[in-house]
$ cat run-v3.cif   # mmCIF, C-alpha atoms
data_entry
#
loop_
_atom_site.label_atom_id
_atom_site.label_comp_id
_atom_site.auth_asym_id
_atom_site.auth_seq_id
_atom_site.Cartn_x
_atom_site.Cartn_y
_atom_site.Cartn_z
CA MET Y 1206 -2.06 23.28 11.12
CA ASP Y 1207 -4.42 26.18 10.29
CA GLN Y 1208 -2.13 27.66 7.64
CA ALA Y 1209 0.56 26.12 5.47
CA GLU Y 1210 2.81 26.91 2.56
CA ARG Y 1211 3.41 24.77 -0.53
CA ALA Y 1212 6.61 23.21 0.79
CA GLU Y 1213 4.90 22.11 4.02
CA LEU Y 1214 1.99 20.62 2.10
CA ALA Y 1215 4.35 18.74 -0.19
CA ALA Y 1216 6.31 17.36 2.75
CA GLY Y 1217 3.17 16.36 4.61
CA THR Y 1218 1.47 14.64 1.67
CA GLY Y 1219 4.48 13.16 -0.08
CA LEU Y 1220 3.48 14.91 -3.32
CA THR Y 1221 5.81 16.93 -5.50
CA PRO Y 1222 5.68 20.75 -5.24
CA GLN Y 1223 4.35 20.83 -8.81
CA ALA Y 1224 1.50 18.47 -7.96
CA VAL Y 1225 0.67 20.50 -4.85
CA SER Y 1226 0.53 23.68 -6.93
CA LYS Y 1227 -1.91 22.13 -9.41
CA ILE Y 1228 -4.14 20.78 -6.62
CA LEU Y 1229 -4.10 24.10 -4.78
CA ALA Y 1230 -5.14 25.91 -7.95
CA ARG Y 1231 -8.16 23.64 -8.36
CA LEU Y 1232 -9.13 23.93 -4.71
CA ILE Y 1233 -8.89 27.72 -4.87
CA ASP Y 1234 -11.10 27.72 -7.97
CA ASP Y 1235 -13.62 25.56 -6.10
CA GLY Y 1236 -13.57 27.97 -3.15
CA LEU Y 1237 -12.25 25.39 -0.70
CA VAL Y 1238 -8.80 26.95 -0.14
CA GLU Y 1239 -7.71 30.59 0.02
CA GLU Y 1240 -4.47 32.57 0.29
CA VAL Y 1241 -4.11 34.21 3.71
CA GLY Y 1242 -0.77 36.03 3.55
CA ARG Y 1243 2.93 35.44 3.24
CA ARG Y 1244 5.70 34.15 5.49
CA GLN Y 1245 9.28 35.37 5.23
CA GLY Y 1246 11.83 32.58 5.47
CA ALA Y 1247 15.54 32.71 6.23
CA ARG Y 1248 16.31 33.27 2.55
CA GLY Y 1249 14.56 33.81 -0.75
CA LYS Y 1250 11.09 35.14 -1.48
CA PRO Y 1251 8.32 35.08 1.10
CA ALA Y 1252 6.20 31.92 0.89
CA THR Y 1253 2.46 32.17 0.27
CA LEU Y 1254 0.28 30.76 3.06
CA TYR Y 1255 -2.94 28.86 2.36
CA ARG Y 1256 -5.93 28.05 4.53
CA LEU Y 1257 -8.55 25.35 4.16
CA ARG Y 1258 -11.98 27.00 4.08
CA SER Y 1259 -13.56 24.45 6.38
CA GLU Y 1260 -16.84 26.32 6.50
CA LYS Y 1261 -17.53 25.81 2.79
CA ALA Y 1262 -18.45 22.11 2.94
CA HIS Y 1263 -20.17 20.02 5.61
CA ALA Y 1264 -20.94 16.32 6.01
CA ILE Y 1265 -23.58 14.52 8.07
CA GLY Y 1266 -22.77 11.41 10.10
CA ILE Y 1267 -25.39 9.00 11.47
CA HIS Y 1268 -24.96 6.25 14.07
CA ALA Y 1269 -28.07 4.07 13.92
CA GLY Y 1270 -28.08 1.96 17.07
CA ARG Y 1271 -30.57 -0.46 18.53
CA THR Y 1272 -32.30 2.15 20.73
CA ASP Y 1273 -31.58 5.53 19.15
CA ILE Y 1274 -30.05 7.45 16.27
CA LYS Y 1275 -27.15 9.80 16.93
CA GLY Y 1276 -26.21 12.39 14.32
CA VAL Y 1277 -23.45 14.95 13.84
CA ARG Y 1278 -22.63 17.67 11.32
CA VAL Y 1279 -18.94 18.32 10.67
CA ASP Y 1280 -17.14 20.84 8.53
CA LEU Y 1281 -14.39 20.13 6.02
CA GLY Y 1282 -11.78 20.41 8.77
CA GLY Y 1283 -13.45 17.68 10.81
CA ASN Y 1284 -14.84 20.01 13.48
CA VAL Y 1285 -18.12 18.84 15.00
CA LEU Y 1286 -20.58 21.71 14.62
CA ASP Y 1287 -23.88 20.20 15.71
CA THR Y 1288 -25.19 17.04 17.34
CA ILE Y 1289 -28.56 15.43 17.83
CA ALA Y 1290 -30.00 12.23 19.34
CA THR Y 1291 -33.31 10.72 18.26
CA PRO Y 1292 -34.88 7.90 20.34
CA MET Y 1293 -36.27 4.93 18.40
CA PRO Y 1294 -39.15 2.59 19.30
CA ALA Y 1295 -38.37 -0.94 20.40
CA GLN Y 1296 -37.79 -3.36 17.53
CA PHE Y 1297 -38.28 -0.66 14.91
CA THR Y 1298 -39.04 -1.63 11.32
CA PRO Y 1299 -36.86 -0.78 8.31
CA ALA Y 1300 -39.37 1.91 7.36
CA GLN Y 1301 -39.17 3.45 10.85
CA LEU Y 1302 -35.38 3.42 10.69
CA ILE Y 1303 -35.40 5.20 7.34
CA ASP Y 1304 -37.87 7.76 8.72
CA GLY Y 1305 -35.71 8.27 11.82
CA ILE Y 1306 -32.53 8.78 9.82
CA ALA Y 1307 -34.26 11.14 7.39
CA SER Y 1308 -35.68 13.19 10.27
CA THR Y 1309 -32.27 13.39 11.97
CA VAL Y 1310 -30.56 14.49 8.76
CA GLU Y 1311 -33.22 17.12 8.11
CA LYS Y 1312 -32.73 18.61 11.59
CA LEU Y 1313 -28.95 18.72 11.15
CA VAL Y 1314 -29.20 20.33 7.71
CA SER Y 1315 -31.92 22.89 8.50
CA PRO Y 1316 -29.78 25.26 10.66
CA GLN Y 1317 -27.75 26.18 7.59
CA SER Y 1318 -28.71 29.82 7.23
CA ASP Y 1319 -25.34 31.56 7.66
CA SER Y 1320 -23.66 33.64 4.99
CA THR Y 1321 -21.10 30.96 4.11
CA ASN Y 1322 -23.83 28.79 2.56
CA PRO Y 1323 -21.95 25.49 3.08
CA GLU Y 1324 -22.52 22.60 0.74
CA ILE Y 1325 -23.74 19.36 2.35
CA VAL Y 1326 -21.57 16.88 0.47
CA GLY Y 1327 -23.21 13.72 1.75
CA VAL Y 1328 -24.48 11.51 4.56
CA GLY Y 1329 -22.60 8.64 6.20
CA VAL Y 1330 -24.60 5.95 8.00
CA ALA Y 1331 -23.03 3.46 10.42
CA LEU Y 1332 -24.96 0.48 11.78
CA PRO Y 1333 -24.27 -2.67 13.80
CA GLY Y 1334 -23.08 -5.52 11.59
CA PRO Y 1335 -23.00 -7.42 9.46
CA VAL Y 1336 -23.47 -4.74 6.80
CA ASP Y 1337 -22.92 -5.11 3.07
CA ARG Y 1338 -21.49 -1.70 2.11
CA THR Y 1339 -22.48 -2.04 -1.55
CA THR Y 1340 -26.07 -3.26 -1.21
CA GLY Y 1341 -26.86 -1.81 2.19
CA VAL Y 1342 -28.23 -5.14 3.43
CA VAL Y 1343 -28.17 -5.01 7.23
CA GLN Y 1344 -28.33 -7.99 9.58
CA GLY Y 1345 -27.39 -6.17 12.76
CA PHE Y 1346 -30.97 -5.84 13.97
CA ARG Y 1347 -31.95 -9.35 15.11
CA TRP Y 1348 -35.68 -8.74 14.83
CA TRP Y 1349 -35.51 -8.07 11.08
CA ARG Y 1350 -36.58 -11.45 9.73
CA ASP Y 1351 -35.56 -10.77 6.15
CA PRO Y 1352 -33.03 -7.92 6.01
CA ALA Y 1353 -32.22 -8.75 2.38
CA ALA Y 1354 -35.72 -7.61 1.44
CA THR Y 1355 -34.74 -4.03 2.34
CA PRO Y 1356 -31.82 -2.63 0.31
CA LEU Y 1357 -31.26 0.04 2.93
CA LEU Y 1358 -28.55 1.99 1.13
CA ASP Y 1359 -30.62 2.44 -2.03
CA ALA Y 1360 -33.70 3.34 0.02
CA LEU Y 1361 -31.81 5.95 2.04
CA THR Y 1362 -30.08 7.45 -0.99
CA HIS Y 1363 -33.46 7.85 -2.67
CA ARG Y 1364 -35.14 9.25 0.45
CA LEU Y 1365 -32.36 11.69 1.35
CA GLY Y 1366 -31.56 12.75 -2.20
CA ARG Y 1367 -27.90 13.01 -1.25
CA HIS Y 1368 -24.66 11.12 -1.70
CA THR Y 1369 -24.86 8.37 0.95
CA VAL Y 1370 -22.32 5.86 2.22
CA MET Y 1371 -22.81 3.02 4.70
CA ASP Y 1372 -20.60 0.82 6.86
CA LEU Y 1373 -20.30 -1.00 10.18
CA SER Y 1374 -20.32 1.07 13.37
CA ILE Y 1375 -16.95 -0.31 14.44
CA ASN Y 1376 -15.42 0.48 11.04
CA ALA Y 1377 -16.62 4.07 11.22
CA ALA Y 1378 -15.05 4.49 14.66
CA LEU Y 1379 -11.79 2.95 13.46
CA GLU Y 1380 -11.69 5.12 10.32
CA LEU Y 1381 -12.08 8.20 12.52
CA THR Y 1382 -9.15 7.18 14.71
CA ALA Y 1383 -6.92 6.44 11.71
CA TRP Y 1384 -7.97 9.69 9.98
CA GLN Y 1385 -7.20 11.71 13.09
CA ARG Y 1386 -3.81 10.13 13.77
CA GLY Y 1387 -2.67 10.14 10.16
CA ASP Y 1388 0.67 8.54 9.37
CA GLN Y 1389 1.28 7.91 13.07
CA MET Y 1390 -1.42 5.23 13.11
CA THR Y 1391 0.20 1.86 13.82
CA ASP Y 1392 -1.29 -1.58 13.18
CA THR Y 1393 -4.16 -1.64 15.66
CA LEU Y 1394 -6.95 -3.72 17.15
CA TYR Y 1395 -10.01 -1.49 17.75
CA ALA Y 1396 -12.56 -2.43 20.43
CA LEU Y 1397 -15.97 -0.77 20.55
CA LEU Y 1398 -17.84 -1.35 23.83
CA ASP Y 1399 -21.27 0.12 23.19
CA ARG Y 1400 -24.13 -2.05 24.49
CA GLY Y 1401 -22.15 -4.92 23.04
CA VAL Y 1402 -18.60 -5.74 21.99
CA GLY Y 1403 -17.22 -5.15 18.50
CA GLY Y 1404 -13.74 -5.38 17.06
CA ALA Y 1405 -11.93 -4.31 13.89
CA LEU Y 1406 -8.37 -4.29 12.54
CA TRP Y 1407 -6.16 -1.60 11.03
CA ILE Y 1408 -3.22 -3.25 9.26
CA GLY Y 1409 -0.75 -1.89 6.74
CA GLY Y 1410 -2.26 1.58 6.65
CA ARG Y 1411 -5.84 0.54 5.98
CA LEU Y 1412 -8.89 -1.09 7.49
CA HIS Y 1413 -8.50 -4.86 7.12
CA ARG Y 1414 -11.99 -6.31 6.55
CA GLY Y 1415 -11.16 -9.94 5.89
CA ALA Y 1416 -12.80 -12.40 3.51
CA HIS Y 1417 -16.20 -12.14 5.19
CA MET Y 1418 -16.07 -8.52 6.44
CA SER Y 1419 -15.50 -9.59 10.06
CA ALA Y 1420 -11.74 -9.44 10.64
CA GLY Y 1421 -10.93 -8.50 14.25
CA GLU Y 1422 -14.45 -9.28 15.50
CA PHE Y 1423 -13.26 -10.64 18.84
CA GLY Y 1424 -16.65 -10.02 20.48
CA HIS Y 1425 -17.73 -13.40 19.17
CA LEU Y 1426 -14.75 -15.41 20.38
CA VAL Y 1427 -15.99 -18.05 22.82
CA ILE Y 1428 -14.41 -17.59 26.26
CA GLU Y 1429 -16.88 -19.58 28.40
CA ALA Y 1430 -17.89 -23.01 27.12
CA GLY Y 1431 -21.63 -23.50 27.59
CA GLY Y 1432 -21.97 -19.88 28.71
CA PRO Y 1433 -24.85 -17.49 27.99
CA GLU Y 1434 -26.39 -17.58 24.55
CA CYS Y 1435 -25.16 -14.84 22.23
CA GLU Y 1436 -27.14 -13.01 19.58
CA CYS Y 1437 -24.91 -14.66 16.98
CA GLY Y 1438 -26.32 -18.08 17.97
CA ARG Y 1439 -23.27 -19.41 19.81
CA ARG Y 1440 -22.78 -19.66 23.56
CA GLY Y 1441 -20.19 -18.03 25.79
CA CYS Y 1442 -19.01 -15.29 23.40
CA VAL Y 1443 -17.14 -12.31 24.84
CA GLU Y 1444 -20.16 -10.09 24.19
CA ALA Y 1445 -22.64 -12.48 25.82
CA VAL Y 1446 -20.48 -12.93 28.92
CA GLN Y 1447 -19.87 -9.19 29.21
CA GLN Y 1448 -23.54 -8.30 28.78
CA ARG Y 1449 -24.64 -10.89 31.36
CA ALA Y 1450 -22.13 -9.50 33.86
CA LEU Y 1451 -23.31 -5.94 33.25
CA ALA Y 1452 -26.93 -7.01 33.76
CA GLU Y 1453 -25.91 -8.52 37.09
CA GLY Y 1454 -24.01 -5.39 38.07
CA ASP Y 1455 -20.65 -7.20 38.10
CA ILE Y 1456 -18.45 -4.61 36.40
CA ALA Y 1457 -15.20 -6.40 37.22
CA ARG Y 1458 -16.38 -9.60 35.52
CA ALA Y 1459 -17.64 -7.63 32.50
CA ALA Y 1460 -14.27 -5.90 32.16
CA ALA Y 1461 -12.43 -9.20 32.57
CA ALA Y 1462 -14.44 -10.75 29.73
CA VAL Y 1463 -13.52 -7.92 27.37
CA ALA Y 1464 -9.87 -8.01 28.44
CA THR Y 1465 -9.71 -11.76 27.82
CA GLY Y 1466 -11.21 -11.29 24.35
CA ILE Y 1467 -8.73 -8.56 23.45
CA ALA Y 1468 -5.77 -10.61 24.69
CA ASN Y 1469 -6.95 -13.65 22.73
CA ALA Y 1470 -7.27 -11.54 19.58
CA LEU Y 1471 -3.80 -10.07 20.07
CA HIS Y 1472 -2.32 -13.55 20.29
CA ILE Y 1473 -3.79 -14.21 16.83
CA VAL Y 1474 -3.17 -10.96 14.96
CA ASP Y 1475 -0.11 -9.74 16.93
CA VAL Y 1476 -0.51 -5.99 16.42
CA PRO Y 1477 1.18 -3.47 18.76
CA GLY Y 1478 -1.72 -1.07 19.29
CA VAL Y 1479 -5.10 -1.23 21.01
CA VAL Y 1480 -7.67 1.55 20.72
CA TRP Y 1481 -11.02 1.31 22.44
CA SER Y 1482 -14.12 3.42 22.99
CA GLY Y 1483 -17.85 3.25 23.67
CA SER Y 1484 -20.50 3.91 26.31
CA ASP Y 1485 -19.68 0.82 28.40
CA LEU Y 1486 -16.03 1.88 28.60
CA GLU Y 1487 -16.94 5.49 29.39
CA ALA Y 1488 -19.13 4.33 32.29
CA HIS Y 1489 -16.31 2.41 34.01
CA PRO Y 1490 -12.95 3.34 32.42
CA GLU Y 1491 -10.82 2.46 35.45
CA ALA Y 1492 -12.25 -1.04 35.78
CA TYR Y 1493 -11.74 -1.84 32.10
CA ALA Y 1494 -8.24 -0.34 32.07
CA ALA Y 1495 -7.16 -2.36 35.11
CA ALA Y 1496 -8.57 -5.59 33.68
CA LEU Y 1497 -6.85 -5.08 30.32
CA ALA Y 1498 -3.51 -4.14 31.90
CA ALA Y 1499 -3.59 -7.30 34.03
CA GLU Y 1500 -4.55 -9.53 31.11
CA LEU Y 1501 -1.90 -8.11 28.78
CA GLN Y 1502 0.77 -8.82 31.38
CA ARG Y 1503 -0.08 -12.49 30.92
CA THR Y 1504 0.22 -12.46 27.12
CA LEU Y 1505 3.21 -13.96 25.35
CA ALA Y 1506 4.55 -10.50 24.48
CA GLY Y 1507 3.86 -8.94 27.89
CA GLY Y 1508 2.00 -5.76 28.71
CA ALA Y 1509 4.85 -3.39 27.81
CA ALA Y 1510 4.63 -4.56 24.18
CA TYR Y 1511 1.31 -2.78 23.61
CA THR Y 1512 0.23 0.85 23.40
CA ILE Y 1513 -3.31 1.42 24.65
CA HIS Y 1514 -5.44 4.46 23.82
CA ARG Y 1515 -8.96 5.39 24.72
CA ALA Y 1516 -10.77 7.33 22.00
CA VAL Y 1517 -13.09 9.94 23.48
CA PRO Y 1518 -15.70 12.21 21.86
CA ALA Y 1519 -14.69 15.69 20.78
CA GLU Y 1520 -15.94 18.76 22.60
CA VAL Y 1521 -19.03 20.20 20.92
CA PRO Y 1522 -21.35 23.19 21.41
CA HIS Y 1523 -24.05 21.04 23.08
CA GLU Y 1524 -22.90 19.68 26.43
CA ASP Y 1525 -26.17 17.76 26.83
CA CYS Y 1526 -25.58 15.88 23.57
CA PRO Y 1527 -21.89 15.00 23.15
CA ALA Y 1528 -20.53 14.05 19.76
CA ASP Y 1529 -20.76 10.34 19.05
CA LEU Y 1530 -17.51 8.74 17.85
CA VAL Y 1531 -19.29 6.40 15.46
CA ALA Y 1532 -21.44 9.18 13.97
CA THR Y 1533 -18.38 11.40 13.59
CA GLY Y 1534 -16.58 8.53 11.89
CA ALA Y 1535 -19.50 8.13 9.52
CA ALA Y 1536 -19.18 11.80 8.56
CA VAL Y 1537 -15.45 11.30 7.98
CA MET Y 1538 -16.29 8.42 5.63
CA VAL Y 1539 -18.27 10.90 3.55
CA LEU Y 1540 -15.38 13.37 3.38
CA GLU Y 1541 -13.06 10.56 2.37
CA SER Y 1542 -15.43 9.28 -0.31
CA VAL Y 1543 -15.83 12.77 -1.81
CA TYR Y 1544 -12.33 14.22 -1.44
CA GLY Y 1545 -10.19 11.09 -1.33
CA ILE Y 1546 -7.95 11.99 1.62
CA PRO Y 1547 -9.83 13.87 4.36
CA ALA Y 1548 -8.41 16.80 6.25
CA ARG Y 1549 -7.19 16.13 9.77
CA PRO Y 1550 -8.62 17.98 12.76
CA GLY Y 1551 -6.32 19.89 15.01
CA GLU Y 1552 -7.25 18.26 18.31
CA SER Y 1553 -6.63 14.68 19.36
CA LEU Y 1554 -9.52 12.32 20.02
CA ASP Y 1555 -7.20 9.94 21.86
CA GLN Y 1556 -6.66 9.94 25.58
CA SER Y 1557 -4.05 7.56 26.92
CA LEU Y 1558 -5.00 5.14 29.66
CA THR Y 1559 -1.37 4.14 30.23
CA PRO Y 1560 1.58 6.52 30.66
CA GLU Y 1561 4.06 4.00 29.22
CA PRO Y 1562 5.09 3.44 26.50
CA ALA Y 1563 5.12 7.00 25.18
CA GLU Y 1564 1.77 8.19 23.91
CA ILE Y 1565 1.19 8.54 20.20
CA THR Y 1566 0.28 12.14 19.51
CA SER Y 1567 -1.68 13.74 16.71
CA ARG Y 1568 -0.48 16.26 14.23
#

$ encode --input "run-v3.cif" --output "structure tokens"
Amino acid sequence: MDQAERAELAAGTGLTPQAVSKILARLIDDGLVEEVGRRQGARGKPATLYRLRSEKAHAIGIHAGRTDIKGVRVDLGGNVLDTIATPMPAQFTPAQLIDGIASTVEKLVSPQSDSTNPEIVGVGVALPGPVDRTTGVVQGFRWWRDPAATPLLDALTHRLGRHTVMDLSINAALELTAWQRGDQMTDTLYALLDRGVGGALWIGGRLHRGAHMSAGEFGHLVIEAGGPECECGRRGCVEAVQQRALAEGDIARAAAAVATGIANALHIVDVPGVVWSGSDLEAHPEAYAAALAAELQRTLAGGAAYTIHRAVPAEVPHEDCPADLVATGAAVMVLESVYGIPARPGESLDQSLTPEPAEITSR
């Protein structure tokens, strides 16, 4: 909602009206919320309406992939204001990655010349895993022989001179979905199909990382004994089978590999929701949807037991450079780290691939 009164905010947050009043007073003092009028109810005094001043604070999100860096700038309301893509050289070094991220951030920050003078509250960086969120040690780039020698988070924080957070690409995408859907987010398996296959779990209202930060990572379940070698060192993983099929132009087999991996994971974790996204899915959504629907019909619970959603990028001012879900999720991580509970955007990022059961909608 664009405007709300105290009672609505209390009901939506679960806080007492007194707590909401104290928080509103602080936010008004900080310039992040303002009064915008009054609403007359059926009885009693008119209620004061408040508006989040989304333009007053921005966050930068970075998706550092194996071939390029995608960046977004979002406002406090979660609206994507600017996007950029920076190509990277093959097998880039840690120093080149830091340079590329710094250059992308600088380009996203530099347009700030409007009268609102927004504060850039931080930078979120999402990378392929494994990633240690506290040390910034990254092992997702296979050509880095000694990733531990480069504490990437410290190096980036020093280089950017800004509050910086870091996490896995799949976790950033999942956090965005959960943030957008709010209290309607069910326990979910998230699948990211983006030049590879990644998985993550949302259980009990939070991201479930597991003992070794890899819970839900179905992309490395073996589905073909003696199959193609995977980057992880094993053979026949979902990701390796899918990537081999894509290289051979066999979309149906690639989609079947992913569907098998998702179904196997659901047999283990038994969650009711599946959300998926990524460039591979966007290239052939019908093929992947058909393969998953067929595979879920053969699960113990049956296909009707699951709700499937496809997360799609938000509309942005630059049609030639659409917003990246992972980068947007990285920006959301910044808002969450600074403000605790991020605001929710008004438009859904979820597009249902199946009409039944009823689609979960956003607030």

$ resolve_selection --input "run-v3.cif" --expression "the PyMOL selection byres ((chain Y and resi 1266-1271) around 6)" --output "MDAnalysis selection string"
chainID Y and resid 1265 1272:1277 1328:1332 1531:1533 1535:1536

$ closest_residue --input "run-v3.cif" --among "Y:Val1537, Y:Leu1257, Y:Val1314, Y:Leu1501" --to "Met1371 (chain Y)" --atoms "all atoms listed in the file"
Y:Val1537

$ resolve_selection --input "run-v3.cif" --expression "the PyMOL selection byres ((chain Y and resi 1468) around 9)" --output "ChimeraX atom specification"
/Y:1463-1467,1469-1473,1497,1500-1501,1503-1504

$ residues_around --input "run-v3.cif" --residues "region 1488-1492 of chain Y" --least-positions-apart "4" --cutoff "7 Å" --atoms "only C-alpha atoms" --output "ChimeraX atom specification"
/Y:1457,1460,1484,1496

$ write_last_selection --input "run-v3.cif" --atoms "C-alpha atoms" --output "mmCIF file, in the frame of the given file"
data_model
loop_
_atom_site.group_PDB
_atom_site.id
_atom_site.type_symbol
_atom_site.label_atom_id
_atom_site.label_comp_id
_atom_site.auth_asym_id
_atom_site.auth_seq_id
_atom_site.Cartn_x
_atom_site.Cartn_y
_atom_site.Cartn_z
ATOM 1 C CA ALA Y 1457 -15.200 -6.400 37.220
ATOM 2 C CA ALA Y 1460 -14.270 -5.900 32.160
ATOM 3 C CA SER Y 1484 -20.500 3.910 26.310
ATOM 4 C CA ALA Y 1496 -8.570 -5.590 33.680
#

$ atom_distance --input "run-v3.cif" --atom1 "CA of Ala1262 (chain Y)" --atom2 "CA of Glu1240 (chain Y)"
17.7 Å

$ closest_residue --input "run-v3.cif" --among "Y:Ala1528, Y:Val1517, Y:Leu1406, Y:Leu1358" --to "Asn1376 (chain Y)" --atoms "only C-alpha atoms"
Y:Leu1406

$ closest_residue --input "run-v3.cif" --among "Y:Pro1477, Y:Pro1294, Y:Gly1454, Y:Pro1299" --to "Arg1350 (chain Y)" --atoms "all atoms listed in the file"
Y:Pro1299

$ resolve_selection --input "run-v3.cif" --expression "the PyMOL selection byres ((chain Y and resi 1378) around 12)" --output "tab-separated table (two decimals) with C-alpha atoms, keeping the file's coordinate frame"
chain	number	residue	atom	x	y	z
Y	1266	GLY	CA	-22.77	11.41	10.10
Y	1267	ILE	CA	-25.39	9.00	11.47
Y	1268	HIS	CA	-24.96	6.25	14.07
Y	1330	VAL	CA	-24.60	5.95	8.00
Y	1331	ALA	CA	-23.03	3.46	10.42
Y	1332	LEU	CA	-24.96	0.48	11.78
Y	1333	PRO	CA	-24.27	-2.67	13.80
Y	1372	ASP	CA	-20.60	0.82	6.86
Y	1373	LEU	CA	-20.30	-1.00	10.18
Y	1374	SER	CA	-20.32	1.07	13.37
Y	1375	ILE	CA	-16.95	-0.31	14.44
Y	1376	ASN	CA	-15.42	0.48	11.04
Y	1377	ALA	CA	-16.62	4.07	11.22
Y	1379	LEU	CA	-11.79	2.95	13.46
Y	1380	GLU	CA	-11.69	5.12	10.32
Y	1381	LEU	CA	-12.08	8.20	12.52
Y	1382	THR	CA	-9.15	7.18	14.71
Y	1383	ALA	CA	-6.92	6.44	11.71
Y	1384	TRP	CA	-7.97	9.69	9.98
Y	1385	GLN	CA	-7.20	11.71	13.09
Y	1394	LEU	CA	-6.95	-3.72	17.15
Y	1395	TYR	CA	-10.01	-1.49	17.75
Y	1396	ALA	CA	-12.56	-2.43	20.43
Y	1397	LEU	CA	-15.97	-0.77	20.55
Y	1398	LEU	CA	-17.84	-1.35	23.83
Y	1399	ASP	CA	-21.27	0.12	23.19
Y	1403	GLY	CA	-17.22	-5.15	18.50
Y	1404	GLY	CA	-13.74	-5.38	17.06
Y	1405	ALA	CA	-11.93	-4.31	13.89
Y	1406	LEU	CA	-8.37	-4.29	12.54
Y	1407	TRP	CA	-6.16	-1.60	11.03
Y	1412	LEU	CA	-8.89	-1.09	7.49
Y	1480	VAL	CA	-7.67	1.55	20.72
Y	1481	TRP	CA	-11.02	1.31	22.44
Y	1482	SER	CA	-14.12	3.42	22.99
Y	1483	GLY	CA	-17.85	3.25	23.67
Y	1515	ARG	CA	-8.96	5.39	24.72
Y	1516	ALA	CA	-10.77	7.33	22.00
Y	1517	VAL	CA	-13.09	9.94	23.48
Y	1518	PRO	CA	-15.70	12.21	21.86
Y	1529	ASP	CA	-20.76	10.34	19.05
Y	1530	LEU	CA	-17.51	8.74	17.85
Y	1531	VAL	CA	-19.29	6.40	15.46
Y	1532	ALA	CA	-21.44	9.18	13.97
Y	1533	THR	CA	-18.38	11.40	13.59
Y	1534	GLY	CA	-16.58	8.53	11.89
Y	1535	ALA	CA	-19.50	8.13	9.52
Y	1536	ALA	CA	-19.18	11.80	8.56
Y	1537	VAL	CA	-15.45	11.30	7.98
Y	1538	MET	CA	-16.29	8.42	5.63
Y	1554	LEU	CA	-9.52	12.32	20.02
Y	1555	ASP	CA	-7.20	9.94	21.86

$ closest_residue --input "run-v3.cif" --among "Y:Val1370, Y:Val1476, Y:Leu1232, Y:Ile1513" --to "Leu1357 (chain Y)" --atoms "all atoms listed in the file"
Y:Val1370

$ axis_aligned_box --input "run-v3.cif" --around "region 1346-1364 of chain Y" --padding-each-side "5 Å" --output "lines of an AutoDock Vina configuration file"
center_x = -32.6
center_y = -1.1
center_z = 6.2
size_x = 18.0
size_y = 30.7
size_z = 27.8

$ atom_distance --input "run-v3.cif" --atom1 "CA of Ala1290 (chain Y)" --atom2 "CA of Ala1445 (chain Y)"
26.6 Å

$ residues_around --input "run-v3.cif" --residues "Thr1298 (chain Y)" --least-positions-apart "4" --cutoff "9 Å" --atoms "only C-alpha atoms" --output "PyMOL selection string"
chain Y and resi 1302-1303+1348-1349

$ atom_distance --input "run-v3.cif" --atom1 "CA of Leu1486 (chain Y)" --atom2 "CA of Gly1341 (chain Y)"
28.8 Å

$ residues_around --input "run-v3.cif" --residues "Ala1212 (chain Y)" --least-positions-apart "5" --cutoff "10 Å" --atoms "only C-alpha atoms" --output "PyMOL selection string"
chain Y and resi 1217+1220-1222+1225-1226+1252-1253

$ decode --input "run-v3.cif" --residues "region 1377-1386 of chain Y" --atoms "N, CA and C atoms" --output "mmCIF file, in the first residue's frame"
data_model
loop_
_atom_site.group_PDB
_atom_site.id
_atom_site.type_symbol
_atom_site.label_atom_id
_atom_site.label_comp_id
_atom_site.auth_asym_id
_atom_site.auth_seq_id
_atom_site.Cartn_x
_atom_site.Cartn_y
_atom_site.Cartn_z
ATOM 1 N N ALA Y 1377 20.222 -14.915 -2.515
ATOM 2 C CA ALA Y 1377 19.719 -13.570 -2.805
ATOM 3 C C ALA Y 1377 18.393 -13.636 -3.552
ATOM 4 N N ALA Y 1378 18.306 -14.538 -4.530
ATOM 5 C CA ALA Y 1378 17.056 -14.685 -5.282
ATOM 6 C C ALA Y 1378 15.928 -15.165 -4.380
ATOM 7 N N LEU Y 1379 16.230 -16.090 -3.481
ATOM 8 C CA LEU Y 1379 15.209 -16.597 -2.569
ATOM 9 C C LEU Y 1379 14.766 -15.530 -1.574
ATOM 10 N N GLU Y 1380 15.717 -14.753 -1.049
ATOM 11 C CA GLU Y 1380 15.367 -13.677 -0.117
ATOM 12 C C GLU Y 1380 14.437 -12.669 -0.794
ATOM 13 N N LEU Y 1381 14.679 -12.388 -2.065
ATOM 14 C CA LEU Y 1381 13.816 -11.448 -2.786
ATOM 15 C C LEU Y 1381 12.392 -11.985 -2.878
ATOM 16 N N THR Y 1382 12.257 -13.256 -3.211
ATOM 17 C CA THR Y 1382 10.933 -13.848 -3.323
ATOM 18 C C THR Y 1382 10.200 -13.819 -1.992
ATOM 19 N N ALA Y 1383 10.897 -14.192 -0.913
ATOM 20 C CA ALA Y 1383 10.278 -14.198 0.411
ATOM 21 C C ALA Y 1383 9.920 -12.789 0.862
ATOM 22 N N TRP Y 1384 10.797 -11.831 0.583
ATOM 23 C CA TRP Y 1384 10.558 -10.420 0.934
ATOM 24 C C TRP Y 1384 9.334 -9.887 0.207
ATOM 25 N N GLN Y 1385 9.214 -10.256 -1.054
ATOM 26 C CA GLN Y 1385 8.105 -9.753 -1.862
ATOM 27 C C GLN Y 1385 6.769 -10.377 -1.458
ATOM 28 N N ARG Y 1386 6.768 -11.635 -1.085
ATOM 29 C CA ARG Y 1386 5.521 -12.321 -0.768
ATOM 30 C C ARG Y 1386 5.147 -12.222 0.701
#
